[in-house]
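Undergrad: Supplied in structure tokens, the structure appears directly below.
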Amino acid sequence: MEHQPHRSPDDDPRGPEAERLHPAEIDLTGAIQQDDALQDVIDDAIVEAVAVNGEVPDWGARAIARALANRLDDPISGPLHHFAATSHADKEAIARELAGMHSSISPDDTETRDWINRLGTYVIKLPDQEEPPQEQTREVPIDGTPLEKVSAYFRIAFARADARGEALPAEDAQNLATALSALLLDPDSEMARFADTGDANPVRLHQECQLLKRHGWRTADVGAWIERFEQHLASRTDLGRQPTAPPTTEDPKNSPQVEQGIREAGDAFRAYLTLPSVDPGQTDLSKRYRDVYIGSFTSMDELVDVLADIPTAMTAIRAAAEGWGLADYVSLDRQKLHAMARETWDVVEFHGKFYVFMK
């Protein structure tokens, strides 16, 4: 393993807390872990329900669905997830999923049982969803304004997705992102990146959706576009993880700066070139690489152990746990640590190694 000397705290990149949502905004797609925030929202919803001696409000029901879905083996594909992310409820499917959870939880877990019962009551009392009215037209108007043409195109795409019972396909989602990125007026936005490539950071995409929601648009169509785009995001588990083929010295587009960097740093520099923010034509490319390169590791476990000093932390945690007789029950969630690392640093897997760069 090779890595640079330890950096001072002032040089450390900002952690994942830098991308937390505003306290009033709750992600219901499952893209962001917000257990504490969800708990607060659910508590507020239950207080409101108790005050009126009724059911939890709509927003509380979706928060409960998100929290329960997060406890399933597959938290992003079932009816609870679909209801939390889209507000569309398949009553029978949700009832089956809730029944399965109810039978599998511990009798002592009164909180989860209460959530299941409250959500079950809410869902049972939902009105049966009517069939959506048929669109009068399935064609884009020839003589319409640009907005009318775009809106008609998306209405047709939405109707097709609804007929299949699925989220928008990737091509339509990219077209939506093109329209939404134009509203952001930022060519470097994550939405613009998604429109161009079909891939982007899901956390930042969600934040940009929230930014768009807070704007007072004159047409209601924009709100529907954002909702449909978020539904697509909720159906994607590969965002931000799609590999990018690194350039090689044989690539005719390589500049002299690229060739120099590869000669000096080899695969580490090739990995650096795959980062979307890197312009191979920059004259100070090697200096920029040296400024952000942290090191290479043989695995994600080694990466987090070294950069987050996990062994030292676990020694202290186990020592404290032993005092309470809980040492055998202390363990790390490696998957969450890996996710934290990817949010904190740019991590590129290349030729069997993990190369790390400051964001």
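Labeling convention for the structure tokens: chains A, B, ... as they appear, residues from 1 per chain, ligands from 1 in order of appearance.
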Write out as a ChimeraX atom specification which residues come within 7 Å of range 336-341 of chain A when counting only C-alpha atoms, dropping same-chain ones fewer than 3 positions away.

TA: /A:16,300,304,333,344-345

Undergrad: I need the chosen residues saved as a PDB file, in the first residue's frame, with N, CA and C atoms.

TA:
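What ended up in out.pdb:
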```pdb
ATOM      1  N   PRO A  16     -19.183  14.054   5.236  1.00  0.00           N
ATOM      2  CA  PRO A  16     -20.511  13.920   4.645  1.00  0.00           C
ATOM      3  C   PRO A  16     -21.532  14.853   5.257  1.00  0.00           C
ATOM      4  N   MET A 300     -11.500  -1.345   0.157  1.00  0.00           N
ATOM      5  CA  MET A 300     -12.218  -0.274   0.845  1.00  0.00           C
ATOM      6  C   MET A 300     -12.041  -0.388   2.356  1.00  0.00           C
ATOM      7  N   VAL A 304     -10.707   2.777   4.706  1.00  0.00           N
ATOM      8  CA  VAL A 304     -11.343   3.431   5.856  1.00  0.00           C
ATOM      9  C   VAL A 304     -10.551   3.194   7.132  1.00  0.00           C
ATOM     10  N   ASP A 333     -20.465  -1.262  10.982  1.00  0.00           N
ATOM     11  CA  ASP A 333     -21.215  -1.413   9.736  1.00  0.00           C
ATOM     12  C   ASP A 333     -20.285  -0.969   8.606  1.00  0.00           C
ATOM     13  N   THR A 344     -16.975  11.463   1.460  1.00  0.00           N
ATOM     14  CA  THR A 344     -15.940  12.364   1.970  1.00  0.00           C
ATOM     15  C   THR A 344     -14.844  12.614   0.943  1.00  0.00           C
ATOM     16  N   TRP A 345     -14.461  11.563   0.232  1.00  0.00           N
ATOM     17  CA  TRP A 345     -13.383  11.666  -0.746  1.00  0.00           C
ATOM     18  C   TRP A 345     -13.850  11.146  -2.100  1.00  0.00           C
TER      19      TRP A 345
END
```

Undergrad: Name the residues in contact with Phe350 in chain A at a cut-off of 9 Å, using only C-alpha atoms, excluding same-chain residues fewer than 3 positions from it; report them as a list of chain:residue names.

TA: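 That gives A:Pro246, A:Asp267, A:Ala268, A:Arg270, A:Ala271, A:Lys353, A:Phe354, A:Tyr355.
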
Undergrad: Once you have the residues from the selection above, write them out as a PDB file, in the first residue's frame, restricted to N, CA and C atoms.

TA:
```
ATOM      1  N   PRO A 246     -10.774   5.007 -18.099  1.00  0.00           N
ATOM      2  CA  PRO A 246      -9.704   6.002 -18.040  1.00  0.00           C
ATOM      3  C   PRO A 246      -8.981   6.119 -19.369  1.00  0.00           C
ATOM      4  N   ASP A 267      -0.709   4.468 -12.634  1.00  0.00           N
ATOM      5  CA  ASP A 267      -2.146   4.222 -12.511  1.00  0.00           C
ATOM      6  C   ASP A 267      -2.840   5.234 -11.604  1.00  0.00           C
ATOM      7  N   ALA A 268      -2.139   5.760 -10.627  1.00  0.00           N
ATOM      8  CA  ALA A 268      -2.766   6.761  -9.755  1.00  0.00           C
ATOM      9  C   ALA A 268      -3.203   7.969 -10.572  1.00  0.00           C
ATOM     10  N   ARG A 270      -3.779   7.900 -13.862  1.00  0.00           N
ATOM     11  CA  ARG A 270      -4.857   7.454 -14.755  1.00  0.00           C
ATOM     12  C   ARG A 270      -6.196   7.466 -14.019  1.00  0.00           C
ATOM     13  N   ALA A 271      -6.180   7.038 -12.765  1.00  0.00           N
ATOM     14  CA  ALA A 271      -7.408   7.069 -11.969  1.00  0.00           C
ATOM     15  C   ALA A 271      -7.880   8.508 -11.772  1.00  0.00           C
ATOM     16  N   LYS A 353      -7.063  -1.581  -7.446  1.00  0.00           N
ATOM     17  CA  LYS A 353      -6.742  -0.730  -6.306  1.00  0.00           C
ATOM     18  C   LYS A 353      -7.772   0.388  -6.179  1.00  0.00           C
ATOM     19  N   PHE A 354      -7.797   0.982  -4.998  1.00  0.00           N
ATOM     20  CA  PHE A 354      -8.698   2.098  -4.731  1.00  0.00           C
ATOM     21  C   PHE A 354      -7.847   3.355  -4.526  1.00  0.00           C
ATOM     22  N   TYR A 355      -7.995   4.298  -5.445  1.00  0.00           N
ATOM     23  CA  TYR A 355      -7.226   5.542  -5.391  1.00  0.00           C
ATOM     24  C   TYR A 355      -8.109   6.640  -4.805  1.00  0.00           C
TER      25      TYR A 355
END
```

Undergrad: Might you pull out every residue within 12 Å of range 106-111 of chain A, with only C-alpha atoms counted and same-chain residues fewer than 5 positions away left off, and present them as JSON, numbers by chain?

TA: {"A": [39, 42, 43, 46, 64, 67, 68, 101, 116, 117, 118]}

Undergrad: Closest to Ala192 in chain A among A:Glu208, A:Glu264, A:Asp40, A:Asp114, using only C-alpha atoms?

TA: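 Answer, going by the shortest atom-to-atom distance: A:Glu208.
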
Undergrad: Could you please write out, as number ranges by chain, every residue of range 121-344 of chain A that DSSP assigns to strand (DSSP E or B)?

TA: A: 293-297

Undergrad: Limited to C-alpha atoms, could you put the picked residues into a file as a PDB file, in the first residue's frame?

TA:
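Here's the written file result.pdb:
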```pdb
ATOM      1  CA  TYR A 293      -4.007  12.832  -4.221  1.00  0.00           C
ATOM      2  CA  ILE A 294      -4.194  11.056  -0.855  1.00  0.00           C
ATOM      3  CA  GLY A 295      -3.074   7.508  -1.590  1.00  0.00           C
ATOM      4  CA  SER A 296      -3.927   4.049  -2.904  1.00  0.00           C
ATOM      5  CA  PHE A 297      -5.319   1.060  -1.050  1.00  0.00           C
TER       6      PHE A 297
END
```

Undergrad: Leaving out range 121-126 of chain A and any residue of its chain fewer than 5 positions from it, which residues lie within 10 Å of it when counting only C-alpha atoms, given as a ChimeraX atom specification?

TA: /A:54-58,60-61,89-92,94-95,115-116

Undergrad: Extract, using only C-alpha atoms, all DNA, RNA and protein residues at most 10 Å from Gln260 in chain A, discarding same-chain residues fewer than 3 positions from it, and format them as an MDAnalysis selection string.

TA: chainID A and resid 249 255:257 263:266 269 285:286

Undergrad: To one decimal in Å, tell me the separation between CA of Arg236 in chain A and CA of Pro127 in chain A.

TA: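 Separation of CA of Arg236 in chain A and CA of Pro127 in chain A: 29.2 Å.
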
Undergrad: Report, in Å with one decimal, the straight-line distance from CA of Arg214 in chain A to CA of Gly78 in chain A.

TA: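 Atom-to-atom, CA of Arg214 in chain A and CA of Gly78 in chain A are spaced 29.1 Å apart.
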
Undergrad: Check the DSSP output for the backbone and give back, as a PyMOL selection string, the residues of range 142-221 of chain A in alpha helix (DSSP H).

TA: chain A and resi 146-164+170-184+190-197+202-213+221

Undergrad: Please indicate the distance in Å from CA of Arg193 in chain A to CA of Ala177 in chain A, rounded to one decimal place.

TA: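 Going from CA of Arg193 in chain A over to CA of Ala177 in chain A, I get 8.8 Å.
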
Undergrad: Which of these, A:Met314, A:Glu322, A:Glu230, A:Val347, has the shortest distance to Leu275 in chain A once you count only C-alpha atoms?

TA: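 Counting only C-alpha atoms, the residue closest to Leu275 in chain A is A:Val347.
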
Undergrad: Between A:Thr86, A:Gln34, A:Asn201, A:Gln231, single out the one closest to Arg342 in chain A, counting only C-alpha atoms.

TA: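 Closest candidate: A:Asn201.
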
Undergrad: Of the residues A:Leu176, A:Trp324, A:Ile317, A:Tyr272, which is the one nearest to Met358 in chain A, using only C-alpha atoms?

TA: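 Nearest candidate to Met358 in chain A out of A:Leu176, A:Trp324, A:Ile317, A:Tyr272: A:Tyr272.
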
Undergrad: For Ala157 in chain A, which residue out of A:Glu171, A:Asp73, A:Asp279, A:Asp284 is the nearest one, using only C-alpha atoms?

TA: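 Closest residue, counting only C-alpha atoms: A:Glu171.
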
Undergrad: Between A:Ala85, A:Val52, A:Ile310, A:Ala224, which one has atoms that come closest to Phe154 in chain A, using only C-alpha atoms?

TA: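 For Phe154 in chain A, the nearest of the candidates is A:Ala224.
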
Undergrad: At a cut-off of 9 Å, using only C-alpha atoms, what residues contact Lys213 in chain A? Leave out same-chain residues fewer than 5 positions from it and give the result as a compact mmCIF listing (two decimals) with C-alpha atoms, in the first residue's frame.

TA:
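The new file out14.txt reads:
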```
# COMPACT_ATOMS: atom_id res chain seq x y z
CA GLU A 208 -31.05 20.39 -6.49
CA VAL A 222 -42.55 21.94 -13.30
CA GLY A 223 -43.70 20.47 -10.00
CA ILE A 226 -39.57 17.27 -10.32
```
